[in-house]
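Data block for coords_39.cif (mmCIF, C-alpha atoms):
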data_structure
loop_
_atom_site.group_PDB
_atom_site.id
_atom_site.type_symbol
_atom_site.label_atom_id
_atom_site.label_comp_id
_atom_site.auth_asym_id
_atom_site.auth_seq_id
_atom_site.Cartn_x
_atom_site.Cartn_y
_atom_site.Cartn_z
ATOM 1 C CA MET A 50 7.999 -0.604 67.426
ATOM 2 C CA ARG A 51 10.149 2.336 66.368
ATOM 3 C CA ASN A 52 12.873 -0.095 65.162
ATOM 4 C CA VAL A 53 10.361 -2.014 62.990
ATOM 5 C CA LYS A 54 9.178 1.274 61.419
ATOM 6 C CA ARG A 55 12.766 2.332 60.754
ATOM 7 C CA HIS A 56 13.465 -1.089 59.138
ATOM 8 C CA HIS A 57 10.387 -0.742 56.879
ATOM 9 C CA SER A 58 11.511 2.702 55.878
ATOM 10 C CA SER A 59 14.992 1.402 54.940
ATOM 11 C CA VAL A 60 13.538 -1.391 52.796
ATOM 12 C CA GLN A 61 11.210 1.128 51.121
ATOM 13 C CA THR A 62 14.142 3.430 50.388
ATOM 14 C CA PHE A 63 16.217 0.584 49.018
ATOM 15 C CA CYS A 64 13.354 -0.524 46.736
ATOM 16 C CA MET A 65 12.857 2.991 45.431
ATOM 17 C CA VAL A 66 16.550 3.442 44.727
ATOM 18 C CA ALA A 67 16.696 -0.010 43.058
ATOM 19 C CA VAL A 68 13.716 0.830 40.810
ATOM 20 C CA PHE A 69 15.282 4.156 39.900
ATOM 21 C CA ALA A 70 18.645 2.467 39.191
ATOM 22 C CA VAL A 71 16.993 -0.135 36.916
ATOM 23 C CA PHE A 72 15.192 2.656 35.096
ATOM 24 C CA ALA A 73 18.426 4.623 34.657
ATOM 25 C CA ILE A 74 20.375 1.567 33.432
ATOM 26 C CA LEU A 75 17.643 0.622 30.938
ATOM 27 C CA SER A 76 17.530 4.208 29.653
ATOM 28 C CA VAL A 77 21.268 4.225 29.070
ATOM 29 C CA LEU A 78 21.156 0.782 27.405
ATOM 30 C CA LEU A 79 18.326 1.870 25.116
ATOM 31 C CA THR A 80 20.202 5.012 24.144
ATOM 32 C CA LEU A 81 23.410 3.067 23.410
ATOM 33 C CA MET A 82 21.550 0.375 21.469
ATOM 34 C CA GLY A 83 19.654 2.985 19.476
ATOM 35 C CA ALA A 84 22.827 4.887 18.657
ATOM 36 C CA ARG A 85 24.541 1.673 17.526
ATOM 37 C CA VAL A 86 21.648 0.577 15.305
ATOM 38 C CA TYR A 87 21.309 4.094 13.867
ATOM 39 C CA LYS A 88 25.046 4.210 13.121
ATOM 40 C CA GLN A 89 24.956 0.810 11.419
ATOM 41 C CA VAL A 90 21.894 1.701 9.335
ATOM 42 C CA THR A 91 23.385 5.065 8.339
ATOM 43 C CA GLN A 92 26.744 3.552 7.375
ATOM 44 C CA SER A 93 25.050 0.799 5.395
ATOM 45 C CA MET A 94 22.843 3.316 3.571
ATOM 46 C CA GLN A 95 25.756 5.645 2.825
ATOM 47 C CA ALA A 96 27.803 2.743 1.454
ATOM 48 C CA ASN A 97 24.824 1.559 -0.567
ATOM 49 C CA ASN A 98 24.210 5.031 -2.014
ATOM 50 C CA ALA A 99 27.890 5.524 -2.847
ATOM 51 C CA LEU A 100 28.095 2.155 -4.618
ATOM 52 C CA ARG A 101 24.883 2.538 -6.583
ATOM 53 C CA SER A 102 25.336 6.170 -7.510
ATOM 54 C CA SER A 103 28.944 5.715 -8.651
ATOM 55 C CA LEU A 104 28.309 2.606 -10.767
ATOM 56 C CA SER A 105 25.020 3.890 -12.212
ATOM 57 C CA TYR A 106 26.494 7.316 -12.924
ATOM 58 C CA VAL A 107 29.388 5.937 -14.944
ATOM 59 C CA ALA A 108 27.140 3.406 -16.747
ATOM 60 C CA ASN A 109 24.619 6.122 -17.683
ATOM 61 C CA LYS A 110 27.427 8.423 -18.763
ATOM 62 C CA ILE A 111 28.675 5.756 -21.200
ATOM 63 C CA HIS A 112 25.175 4.825 -22.401
ATOM 64 C CA SER A 113 24.294 8.455 -23.053
ATOM 65 C CA CYS A 114 27.179 8.905 -25.473
ATOM 66 C CA GLY A 115 26.045 9.494 -29.004
ATOM 67 C CA GLU A 116 27.745 8.692 -32.276
ATOM 68 C CA SER A 117 29.698 11.935 -32.183
ATOM 69 C CA GLU A 118 31.363 10.939 -28.939
ATOM 70 C CA THR A 119 34.173 8.456 -28.413
ATOM 71 C CA VAL A 120 34.525 6.578 -25.165
ATOM 72 C CA TYR A 121 37.761 4.876 -24.261
ATOM 73 C CA LEU A 122 39.924 3.799 -21.381
ATOM 74 C CA ASP A 123 42.995 5.961 -21.200
ATOM 75 C CA GLN A 124 46.041 5.582 -18.981
ATOM 76 C CA GLN A 125 47.388 8.395 -16.802
ATOM 77 C CA ASP A 126 50.385 7.517 -14.626
ATOM 78 C CA GLY A 127 49.479 3.856 -14.978
ATOM 79 C CA GLN A 128 45.932 4.410 -13.703
ATOM 80 C CA PRO A 129 42.864 3.844 -15.906
ATOM 81 C CA VAL A 130 40.894 6.957 -16.762
ATOM 82 C CA LEU A 131 37.566 6.649 -18.532
ATOM 83 C CA THR A 132 37.579 9.311 -21.194
ATOM 84 C CA ILE A 133 34.725 10.645 -23.301
ATOM 85 C CA ARG A 134 35.796 12.737 -26.244
ATOM 86 C CA GLU A 135 33.355 14.958 -28.117
ATOM 87 C CA THR A 136 33.882 17.565 -30.776
ATOM 88 C CA TRP A 137 32.000 20.877 -30.968
ATOM 89 C CA ASP A 138 32.776 23.459 -33.630
ATOM 90 C CA GLY A 139 36.093 21.801 -34.399
ATOM 91 C CA GLN A 140 37.185 21.853 -30.761
ATOM 92 C CA ASP A 141 37.753 18.623 -28.820
ATOM 93 C CA TYR A 142 36.355 18.393 -25.289
ATOM 94 C CA LEU A 143 37.229 15.644 -22.857
ATOM 95 C CA THR A 144 35.263 14.321 -19.910
ATOM 96 C CA ARG A 145 37.492 12.220 -17.690
ATOM 97 C CA ILE A 146 36.185 9.934 -14.959
ATOM 98 C CA PHE A 147 38.794 8.599 -12.581
ATOM 99 C CA PHE A 148 39.415 7.500 -9.014
ATOM 100 C CA TYR A 149 41.830 9.463 -6.864
ATOM 101 C CA GLN A 150 42.394 9.572 -3.091
ATOM 102 C CA GLY A 151 39.164 7.887 -2.058
ATOM 103 C CA THR A 152 36.955 9.844 -4.441
ATOM 104 C CA LEU A 153 35.476 9.036 -7.826
ATOM 105 C CA ARG A 154 35.874 12.227 -9.825
ATOM 106 C CA GLU A 155 34.755 13.740 -13.105
ATOM 107 C CA TYR A 156 36.672 16.433 -14.911
ATOM 108 C CA ALA A 157 35.468 18.095 -18.104
ATOM 109 C CA SER A 158 37.823 20.312 -20.076
ATOM 110 C CA VAL A 159 39.012 21.368 -23.489
ATOM 111 C CA ASP A 160 41.472 18.810 -24.879
ATOM 112 C CA GLN A 161 44.934 20.087 -23.997
ATOM 113 C CA GLY A 162 46.638 16.700 -24.002
ATOM 114 C CA GLN A 163 48.453 15.625 -20.842
ATOM 115 C CA GLU A 164 48.797 19.235 -19.679
ATOM 116 C CA GLY A 165 45.071 19.671 -19.218
ATOM 117 C CA PHE A 166 44.853 16.954 -16.595
ATOM 118 C CA SER A 167 45.782 16.801 -12.940
ATOM 119 C CA TRP A 168 44.661 14.141 -10.474
ATOM 120 C CA ASP A 169 43.257 16.518 -7.888
ATOM 121 C CA SER A 170 41.022 18.315 -10.387
ATOM 122 C CA GLY A 171 37.406 17.565 -11.097
ATOM 123 C CA ASP A 172 34.131 17.242 -9.237
ATOM 124 C CA SER A 173 33.510 14.553 -6.678
ATOM 125 C CA ILE A 174 30.925 11.916 -7.645
ATOM 126 C CA ALA A 175 31.168 9.608 -4.636
ATOM 127 C CA ARG A 176 33.432 8.716 -1.710
ATOM 128 C CA LEU A 177 34.735 5.167 -2.153
ATOM 129 C CA GLN A 178 37.501 2.931 -0.869
ATOM 130 C CA ALA A 179 38.361 1.683 -4.366
ATOM 131 C CA PHE A 180 37.080 1.872 -7.927
ATOM 132 C CA SER A 181 38.403 -0.107 -10.885
ATOM 133 C CA LEU A 182 37.642 -0.398 -14.576
ATOM 134 C CA GLU A 183 38.391 -3.530 -16.551
ATOM 135 C CA GLN A 184 37.740 -4.115 -20.201
ATOM 136 C CA GLU A 185 37.144 -7.612 -21.526
ATOM 137 C CA GLY A 186 36.260 -7.669 -25.201
ATOM 138 C CA ASP A 187 33.267 -5.414 -25.690
ATOM 139 C CA LEU A 188 32.302 -5.522 -22.022
ATOM 140 C CA LEU A 189 33.464 -3.055 -19.414
ATOM 141 C CA THR A 190 33.382 -4.171 -15.788
ATOM 142 C CA MET A 191 33.321 -1.501 -13.103
ATOM 143 C CA THR A 192 34.000 -2.551 -9.521
ATOM 144 C CA ALA A 193 33.387 -0.197 -6.630
ATOM 145 C CA THR A 194 34.277 -0.766 -2.987
ATOM 146 C CA ALA A 195 32.493 1.350 -0.401
ATOM 147 C CA GLU A 196 34.134 2.772 2.707
ATOM 148 C CA ASN A 197 32.693 -0.071 4.798
ATOM 149 C CA GLY A 198 34.430 -2.613 2.521
ATOM 150 C CA ARG A 199 31.333 -3.738 0.601
ATOM 151 C CA THR A 200 32.046 -4.360 -3.076
ATOM 152 C CA LEU A 201 29.669 -4.340 -6.042
ATOM 153 C CA SER A 202 30.334 -4.730 -9.752
ATOM 154 C CA LEU A 203 28.488 -3.690 -12.862
ATOM 155 C CA THR A 204 29.282 -4.931 -16.352
ATOM 156 C CA ILE A 205 28.070 -2.988 -19.348
ATOM 157 C CA GLY A 206 28.437 -3.489 -23.047
ATOM 158 C CA TRP A 207 30.316 -0.813 -24.897
ATOM 159 C CA ASN A 208 32.256 -0.200 -28.033
ATOM 160 C CA GLY A 209 35.358 1.243 -26.442
ATOM 161 C CA GLY A 210 37.316 3.104 -29.028
ATOM 162 C CA GLU A 211 40.901 4.146 -29.521
ATOM 163 C CA GLY A 212 43.464 3.961 -26.768
ATOM 164 C CA THR A 213 41.708 1.128 -24.995
ATOM 165 C CA VAL A 214 43.649 -0.717 -22.327
ATOM 166 C CA MET Q 110 3.715 15.485 53.623
ATOM 167 C CA ASN Q 111 5.114 12.824 55.959
ATOM 168 C CA ARG Q 112 7.969 10.461 54.964
ATOM 169 C CA SER Q 113 5.661 7.549 54.069
ATOM 170 C CA GLY Q 114 3.521 9.751 51.814
ATOM 171 C CA PHE Q 115 6.585 11.031 50.021
ATOM 172 C CA TRP Q 116 7.803 7.530 49.210
ATOM 173 C CA GLN Q 117 4.337 6.433 48.085
ATOM 174 C CA SER Q 118 4.063 9.308 45.676
ATOM 175 C CA PHE Q 119 7.630 8.693 44.486
ATOM 176 C CA PHE Q 120 6.821 5.010 43.955
ATOM 177 C CA MET Q 121 3.671 5.887 41.975
ATOM 178 C CA GLU Q 122 5.617 8.353 39.854
ATOM 179 C CA MET Q 123 8.341 5.804 39.127
ATOM 180 C CA ALA Q 124 5.752 3.150 38.282
ATOM 181 C CA MET Q 125 4.137 5.534 35.771
ATOM 182 C CA VAL Q 126 7.524 6.458 34.315
ATOM 183 C CA ILE Q 127 8.528 2.800 33.931
ATOM 184 C CA LEU Q 128 5.172 1.970 32.332
ATOM 185 C CA PHE Q 129 5.604 4.795 29.826
ATOM 186 C CA PHE Q 130 9.227 3.795 29.313
ATOM 187 C CA SER Q 131 8.218 0.184 28.589
ATOM 188 C CA ILE Q 132 5.671 1.259 25.984
ATOM 189 C CA ALA Q 133 8.182 3.649 24.391
ATOM 190 C CA LEU Q 134 10.822 0.896 24.453
ATOM 191 C CA ALA Q 135 8.550 -1.518 22.599
ATOM 192 C CA VAL Q 136 7.815 1.082 19.909
ATOM 193 C CA ILE Q 137 11.441 2.239 19.575
ATOM 194 C CA VAL Q 138 12.892 -1.289 19.373
ATOM 195 C CA ARG Q 139 10.344 -2.085 16.679
ATOM 196 C CA LEU Q 140 11.326 1.074 14.776
ATOM 197 C CA PHE Q 141 15.023 0.234 15.045
ATOM 198 C CA SER Q 142 14.529 -3.343 13.873
ATOM 199 C CA GLN Q 143 12.304 -2.158 11.005
ATOM 200 C CA GLY Q 144 15.000 0.367 10.018
ATOM 201 C CA ALA Q 145 17.647 -2.344 10.027
ATOM 202 C CA ILE Q 146 15.420 -4.654 7.927
ATOM 203 C CA LEU Q 147 14.691 -1.883 5.406
ATOM 204 C CA SER Q 148 18.391 -1.074 5.175
ATOM 205 C CA GLU Q 149 19.155 -4.749 4.520
ATOM 206 C CA GLN Q 150 16.403 -4.920 1.875
ATOM 207 C CA SER Q 151 17.751 -1.788 0.235
ATOM 208 C CA LYS Q 152 21.236 -3.357 0.171
ATOM 209 C CA ASP Q 153 19.842 -6.542 -1.391
ATOM 210 C CA MET Q 154 17.863 -4.516 -3.942
ATOM 211 C CA SER Q 155 20.898 -2.462 -5.011
ATOM 212 C CA GLY Q 156 22.977 -5.564 -5.568
ATOM 213 C CA ALA Q 157 20.095 -7.260 -7.373
ATOM 214 C CA ILE Q 158 19.581 -4.340 -9.779
ATOM 215 C CA LEU Q 159 23.277 -4.159 -10.651
ATOM 216 C CA ALA Q 160 23.544 -7.952 -11.065
ATOM 217 C CA ALA Q 161 20.440 -8.042 -13.293
ATOM 218 C CA GLN Q 162 21.849 -5.194 -15.408
ATOM 219 C CA THR Q 163 25.123 -7.060 -15.732
ATOM 220 C CA VAL Q 164 23.332 -10.224 -16.909
ATOM 221 C CA ALA Q 165 21.187 -8.220 -19.353
ATOM 222 C CA GLN Q 166 24.222 -6.473 -20.817
ATOM 223 C CA THR Q 167 26.078 -9.775 -21.140
ATOM 224 C CA LEU Q 168 23.059 -11.428 -22.797
ATOM 225 C CA GLU Q 169 22.861 -8.605 -25.306
ATOM 226 C CA ARG Q 170 26.288 -9.654 -26.555
ATOM 227 C CA SER Q 171 25.797 -13.401 -26.380
ATOM 228 C CA GLU Q 172 23.979 -15.905 -28.551
ATOM 229 C CA THR Q 173 22.026 -18.185 -26.270
ATOM 230 C CA ASP Q 174 18.473 -19.517 -26.263
ATOM 231 C CA GLN Q 175 18.918 -21.697 -23.175
ATOM 232 C CA SER Q 176 17.446 -20.792 -19.809
ATOM 233 C CA TYR Q 177 19.858 -21.009 -16.921
ATOM 234 C CA THR Q 178 20.421 -20.062 -13.291
ATOM 235 C CA LEU Q 179 23.368 -18.228 -11.790
ATOM 236 C CA TYR Q 180 24.256 -18.487 -8.101
ATOM 237 C CA TYR Q 181 25.948 -15.871 -5.942
ATOM 238 C CA ASP Q 182 27.216 -15.616 -2.384
ATOM 239 C CA GLU Q 183 26.396 -12.761 0.012
ATOM 240 C CA ASN Q 184 28.972 -10.497 -1.648
ATOM 241 C CA TRP Q 185 27.681 -11.134 -5.162
ATOM 242 C CA ASN Q 186 30.575 -13.397 -6.118
ATOM 243 C CA MET Q 187 29.539 -16.311 -8.308
ATOM 244 C CA THR Q 188 29.449 -19.592 -6.417
ATOM 245 C CA TRP Q 189 28.027 -23.117 -6.555
ATOM 246 C CA GLU Q 190 28.166 -23.830 -2.830
ATOM 247 C CA ASN Q 191 25.695 -22.354 -0.346
ATOM 248 C CA PRO Q 192 24.333 -19.641 -2.617
ATOM 249 C CA TYR Q 193 22.695 -16.613 -1.022
ATOM 250 C CA TYR Q 194 21.288 -14.975 -4.158
ATOM 251 C CA ALA Q 195 20.292 -16.548 -7.469
ATOM 252 C CA ILE Q 196 19.432 -15.199 -10.891
ATOM 253 C CA GLN Q 197 17.046 -17.157 -13.071
ATOM 254 C CA VAL Q 198 17.341 -16.311 -16.758
ATOM 255 C CA ASP Q 199 14.441 -17.509 -18.896
ATOM 256 C CA VAL Q 200 14.849 -17.199 -22.645
ATOM 257 C CA GLN Q 201 12.065 -17.363 -25.193
ATOM 258 C CA ALA Q 202 13.109 -17.312 -28.833
ATOM 259 C CA ALA Q 203 10.535 -16.471 -31.505
ATOM 260 C CA PRO Q 204 12.074 -17.082 -34.953
ATOM 261 C CA ASN Q 205 10.134 -16.092 -38.057
ATOM 262 C CA GLY Q 206 12.431 -17.650 -40.643
ATOM 263 C CA ILE Q 207 14.612 -14.596 -41.220
ATOM 264 C CA ASN Q 208 14.858 -12.880 -37.854
ATOM 265 C CA VAL Q 209 14.684 -13.973 -34.248
ATOM 266 C CA LEU Q 210 13.185 -12.082 -31.339
ATOM 267 C CA CYS Q 211 14.688 -13.319 -28.091
ATOM 268 C CA SER Q 212 12.878 -12.305 -24.898
ATOM 269 C CA TYR Q 213 14.828 -12.596 -21.682
ATOM 270 C CA SER Q 214 13.300 -12.620 -18.246
ATOM 271 C CA ILE Q 215 15.927 -12.022 -15.570
ATOM 272 C CA GLU Q 216 14.690 -12.640 -12.053
ATOM 273 C CA VAL Q 217 16.901 -12.062 -9.039
ATOM 274 C CA TYR Q 218 15.840 -13.692 -5.794
ATOM 275 C CA LEU Q 219 17.060 -14.596 -2.338
ATOM 276 C CA TYR Q 220 17.938 -18.231 -2.796
ATOM 277 C CA ARG Q 221 17.298 -19.489 0.753
ATOM 278 C CA GLN Q 222 14.025 -17.653 1.263
ATOM 279 C CA ASP Q 223 12.993 -18.008 -2.387
ATOM 280 C CA ARG Q 224 11.958 -14.345 -2.178
ATOM 281 C CA PRO Q 225 12.041 -12.314 -5.415
ATOM 282 C CA LEU Q 226 14.119 -9.131 -5.260
ATOM 283 C CA PHE Q 227 14.066 -7.703 -8.740
ATOM 284 C CA GLN Q 228 12.922 -8.604 -12.225
ATOM 285 C CA LEU Q 229 14.144 -7.257 -15.533
ATOM 286 C CA GLN Q 230 12.792 -7.917 -19.012
ATOM 287 C CA SER Q 231 15.057 -7.607 -22.012
ATOM 288 C CA GLN Q 232 14.709 -8.306 -25.709
ATOM 289 C CA LYS Q 233 17.130 -8.825 -28.535
ATOM 290 C CA TYR Q 234 16.284 -8.831 -32.211
ATOM 291 C CA PHE Q 235 18.714 -10.149 -34.778
ATOM 292 C CA ARG Q 236 19.048 -11.981 -38.076
ATOM 293 C CA GLN Q 237 18.669 -15.726 -37.646
ATOM 294 C CA GLU Q 238 21.851 -16.451 -39.578
ATOM 295 C CA ASP Q 239 23.853 -14.255 -37.188
ATOM 296 C CA GLY Q 240 23.141 -16.379 -34.144
ATOM 297 C CA LEU Q 241 21.291 -19.306 -32.582
#
Turn the structure described in the file into structure tokens.
Amino acid sequence: MRNVKRHHSSVQTFCMVAVFAVFAILSVLLTLMGARVYKQVTQSMQANNALRSSLSYVANKIHSCGESETVYLDQQDGQPVLTIRETWDGQDYLTRIFFYQGTLREYASVDQGQEGFSWDSGDSIARLQAFSLEQEGDLLTMTATAENGRTLSLTIGWNGGEGTV
Amino acid sequence: MNRSGFWQSFFMEMAMVILFFSIALAVIVRLFSQGAILSEQSKDMSGAILAAQTVAQTLERSETDQSYTLYYDENWNMTWENPYYAIQVDVQAAPNGINVLCSYSIEVYLYRQDRPLFQLQSQKYFRQEDGL
């Protein structure tokens, strides 16, 4: 009789431990799955935001240029630099938009020729893997690649002025 | 409390915990899947907006009065085989003898599901002798 009781007790203990183990394993799996989904969603959203904000920002920057401003693709060290030139009180000001070391940047300054420009200057617009500008006739195609490798393009009409590539 | 009573209460507690866990799991998995779906929709929408803008900007500099459809793969590269997205461009020209008002309706949709993603209306006004 005592042996039967002891056997029942062992089975009961085993069942309890098994239930607890299943619960623990499921908890860990849920946590891992949640973390993975959250990471994927966050990365996708960050890439999406970087692509949209960079392309829309540059497009709006070009569209907002008035008649007093000249937009053109310039070359600095063989790399295309989108340049907006405007004149106030006889002084030329340049806004340069360019891609350098994984960041799309904007740098506004008084026109000092080549001396007024350095690649590591300017404010960061978005973190990207690549960003390119290509002019075809009166259309400018911008292609941005996010850090997760996703690529999107936007083509806008423009009347690119002097110094065009 | 004797040994049997301890295990009974432990079993009851675990049963309640697992029940609560199951309910929480159902809700959380649903939230995760909904988040992933929304993220995917947001990705589709971003691409659709940029593609529609591109078509509108290209139309502004073209001279066409023909409706047409463009097909794209999942990465928004133009394709004819197994398209994932499509853009339907409907053109309505209203000439009045001297000038023409062209109205463009650009609709981006998921080709396989035939689900609209984004629609853009655009108009172009020009002298009839300049185009068409």
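In plain terms, chain Q touches chain A through Ala145, Leu159, Thr163 and Gln166 of chain Q, where touching means an atom at most 6 Å away, counting all atoms listed in the file.
Nearest residue to Glu185 of chain A among Q:Gly144, Q:Phe129, Q:Phe235, Q:Thr167 is Q:Thr167, counting all atoms listed in the file.
For segment 161-175 of chain A, the non-local neighbours within 7 Å, defined as residues at least 6 positions apart in the same chain or in other chains and counting only C-alpha atoms, are Ala99, Ser103, Tyr149, Thr152, Leu153, Arg154 and Glu155 of chain A.
In this model, the gap between atom CA of Ile137 of chain Q and atom CA of Asn197 of chain A comes to 26.0 Å.
Using the PyMOL selection byres ((chain Q and resi 210) around 9) on this structure selects Q:Gln201, Q:Ala202, Q:Ala203, Q:Pro204, Q:Asn205, Q:Asn208, Q:Val209, Q:Cys211, Q:Ser212, Q:Gln232, Q:Lys233, Q:Tyr234, Q:Phe235, Q:Arg236.
Minimum distance to Ala157 of chain Q across Q:Tyr181, Q:Arg221, Q:Phe115, Q:Ile132 (counting all atoms listed in the file) occurs at Q:Tyr181.
Each of Q:Asp153, Q:Glu122, Q:Asp223, Q:Glu216 was compared to Glu183 of chain Q using all atoms listed in the file, and Q:Asp153 turns out to be the nearest.
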Size and centre in Å, one decimal, axis-aligned box, all listed segment 113-128 of chain Q atoms plus 4 Å per side, as JSON:
{"center_x": 6.0, "center_y": 6.5, "center_z": 43.2, "size_x": 13.0, "size_y": 17.1, "size_z": 29.7}
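Restricting the calculation to all atoms listed in the file, the smallest distance between Gly198 of chain A and any of Q:Ile127, Q:Ser118, Q:Asn184, Q:Ser176 is found for Q:Asn184.
Straight-line separation from atom CA of Asn109 of chain A to atom CA of Gln162 of chain Q: 11.9 Å.
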*Which residues fall under the PyMOL selection byres ((chain A and resi 118) around 8) in this file, as a PyMOL selection string?*
chain A and resi 114-117+119-120+133-136
